[in-house]
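Visitor: Okay, handing you the structure first.
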Amino acid sequence: YMILMPPPLNNFISKDPRHFLTASADTPEGGKISYIDMIFSIVTKTLHEDRSSESEQRKALTLYMSVLHNCTGQVDNYIPMINDVALGKLGQQVNAENPATRHVVFQVIGSAIYYNPELEIAELAKRGVTDQVYQQWIKEVDSMDGWLSQKMTVLGLLSTLRLPASVLPQGVVAMIPSIISAAVKLAAKMKADVEKGQKDDDAAIEPEAGEDDDQWGGFDENEDVTNPNDEAYMSALNKLTAGGDVSQFLMGDGWDDDFDDLEDDYHSPIDNVDELHFVNDVLKEAYQREPEVYQQVQGALTAETVAACQQLFAAVDAQRSQAGPATPPAS
């Protein structure tokens, strides 16, 4: 059932984080367990259960993000546990051919750095894996197609730069140019994807001259309405009727990865964070805070990355200029 549980649990957490953090439930033994401990127990048991599929484990890990995104500044004491489980899973998957699970782990790590960069980087350093994690993370950027992996990589990597270089591990300081390059590359890709999607939508809405309504868009009355979820589900169901194992079907094995890892059902406060504005603000603040350090960093960036930064800065300035000055709060 882990495939189906995260969306309603995420919805429960996001609707009232304070209640989630303070409420508890009765246990069969007559004791009490807090809701947050219940969530963490679900994740831990799912990842440590040999019968859990990779699909289930990925879905379970998203519950960590639900907690981190909705309970800002209130779950510091759970960061070590998140790292124990997530980094353990990353170690198991580091050489896996399918990067899907690694990408979800990096979503979690990115969420933890975005939540509290100093605390999360200290956890990585305590385990002696800081350089390895950042190197692998940057290496994965080119294979990240999902918006959530892309967004949490942009927010997570650049949240590192919210800390002064003097408090960062030396290995991370040396990687600052690579961190900026990876984050800017992803942010630019996300911007291009959004613009392409808008153009595709416009093209789908407006028929060409001379066409009538029946020549574009929609489904005929004798045509089945389908979507990728239905098709992936039916594909897995067909495998089952052909002699597959029902228990494996229920655990998600055999379901297409596109269905398994659809990110449209994940919503949190990060939906309201504009990654382009985040890139703009973090880089400018870092340069203003430590101009000498970031002059050296700029010298280490490729001309392509510098040009991409300038384009993103210009795009953000244009957006903010069009939006006009912020409305002052009512007195």
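Identifiers in the structure tokens: chain A, B, ... in order shown; residue index from 1 per chain; ligand index from 1 in order shown.
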For range 185-189 of chain A, please output as a list in words all residues within 8 Å (counting only C-alpha atoms; exclusion window: fewer than 3 positions along the same chain).
Guide: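 Listing them by chain and then by number gives Val141, Gln150, Lys151, Val154, Ser181, Ala182, Ala192, Asp193, Glu275, Leu276, Val279, Thr305, Ala308 and Leu312 of chain A.
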Visitor: Output N, CA and C atoms for every residue in that selection, as a PDB file, in the first residue's frame.
Guide:
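In the end it all went to selection-v3.pdb:
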ATOM      1  N   VAL A 141      23.192  15.453 -12.320  1.00  0.00           N
ATOM      2  CA  VAL A 141      22.368  16.550 -12.830  1.00  0.00           C
ATOM      3  C   VAL A 141      21.875  16.300 -14.255  1.00  0.00           C
ATOM      4  N   GLN A 150      14.873  18.273 -10.151  1.00  0.00           N
ATOM      5  CA  GLN A 150      15.543  19.484 -10.618  1.00  0.00           C
ATOM      6  C   GLN A 150      15.405  20.621  -9.610  1.00  0.00           C
ATOM      7  N   LYS A 151      14.194  20.825  -9.137  1.00  0.00           N
ATOM      8  CA  LYS A 151      13.954  21.951  -8.229  1.00  0.00           C
ATOM      9  C   LYS A 151      14.700  21.773  -6.915  1.00  0.00           C
ATOM     10  N   VAL A 154      18.386  22.463  -7.409  1.00  0.00           N
ATOM     11  CA  VAL A 154      18.670  23.898  -7.470  1.00  0.00           C
ATOM     12  C   VAL A 154      18.607  24.515  -6.071  1.00  0.00           C
ATOM     13  N   SER A 181      27.547  26.041 -11.405  1.00  0.00           N
ATOM     14  CA  SER A 181      27.334  25.606 -12.792  1.00  0.00           C
ATOM     15  C   SER A 181      26.170  24.629 -12.883  1.00  0.00           C
ATOM     16  N   ALA A 182      26.126  23.655 -11.975  1.00  0.00           N
ATOM     17  CA  ALA A 182      25.062  22.646 -12.003  1.00  0.00           C
ATOM     18  C   ALA A 182      23.706  23.277 -11.728  1.00  0.00           C
ATOM     19  N   ALA A 192      13.485  26.932 -19.675  1.00  0.00           N
ATOM     20  CA  ALA A 192      13.231  26.598 -21.074  1.00  0.00           C
ATOM     21  C   ALA A 192      12.069  25.620 -21.206  1.00  0.00           C
ATOM     22  N   ASP A 193      11.976  24.659 -20.290  1.00  0.00           N
ATOM     23  CA  ASP A 193      10.887  23.684 -20.332  1.00  0.00           C
ATOM     24  C   ASP A 193       9.536  24.366 -20.113  1.00  0.00           C
ATOM     25  N   GLU A 275      12.406  29.137  -8.547  1.00  0.00           N
ATOM     26  CA  GLU A 275      13.817  28.744  -8.565  1.00  0.00           C
ATOM     27  C   GLU A 275      14.699  29.791  -9.246  1.00  0.00           C
ATOM     28  N   LEU A 276      14.172  30.502 -10.253  1.00  0.00           N
ATOM     29  CA  LEU A 276      14.977  31.542 -10.895  1.00  0.00           C
ATOM     30  C   LEU A 276      15.275  32.686  -9.928  1.00  0.00           C
ATOM     31  N   VAL A 279      17.903  31.460  -7.400  1.00  0.00           N
ATOM     32  CA  VAL A 279      19.260  31.504  -7.945  1.00  0.00           C
ATOM     33  C   VAL A 279      19.774  32.943  -7.936  1.00  0.00           C
ATOM     34  N   THR A 305      28.657  29.361 -18.413  1.00  0.00           N
ATOM     35  CA  THR A 305      27.947  29.502 -17.140  1.00  0.00           C
ATOM     36  C   THR A 305      27.753  30.970 -16.777  1.00  0.00           C
ATOM     37  N   ALA A 308      24.961  32.258 -18.823  1.00  0.00           N
ATOM     38  CA  ALA A 308      23.677  31.734 -18.339  1.00  0.00           C
ATOM     39  C   ALA A 308      23.241  32.476 -17.082  1.00  0.00           C
ATOM     40  N   LEU A 312      19.793  34.663 -16.591  1.00  0.00           N
ATOM     41  CA  LEU A 312      18.833  34.426 -15.513  1.00  0.00           C
ATOM     42  C   LEU A 312      18.612  35.695 -14.698  1.00  0.00           C
TER      43      LEU A 312
END
Visitor: Any chance you could list, as a VMD selection string, the residues in range 146-178 of chain A that come up alpha helix (DSSP H) when DSSP is run on the backbone?
Guide: chain A and resid 147 to 159 170 to 174 176 to 178
Visitor: Between A:Val94, A:Val104, A:Ile79, A:Ala286, which has the minimum distance to Asp145 in chain A (counting only C-alpha atoms)?
Guide: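 When distances to Asp145 in chain A are compared using only C-alpha atoms, the smallest one comes from A:Val104.
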Visitor: Here is a test: counting only C-alpha atoms, which residue of A:Gln93, A:Ser111, A:Gln136, A:Thr27 is nearest to Ile270 in chain A?
Guide: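 The closest residue to Ile270 in chain A is A:Ser111.
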Visitor: Have a look at A:Ala23, A:Ile109, A:Val293, A:Ile36 and name the one nearest to Ser166 in chain A; count only C-alpha atoms.
Guide: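 Checking each candidate against Ser166 in chain A, we get A:Val293 as the closest.
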Visitor: Between A:Ile39, A:Lys89, A:Met81, A:Leu161, which is the closest to Ile113 in chain A once you count only C-alpha atoms?
Guide: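 Answer, going by the shortest atom-to-atom distance: A:Leu161.
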Visitor: If we count only C-alpha atoms, what is near Tyr114 in chain A at a cut-off of 10 Å, once residues fewer than 2 positions away on the same chain are taken out, given as a PyMOL selection string?
Guide: chain A and resi 68-69+72+108-112+116-118+120+152-160+162+270
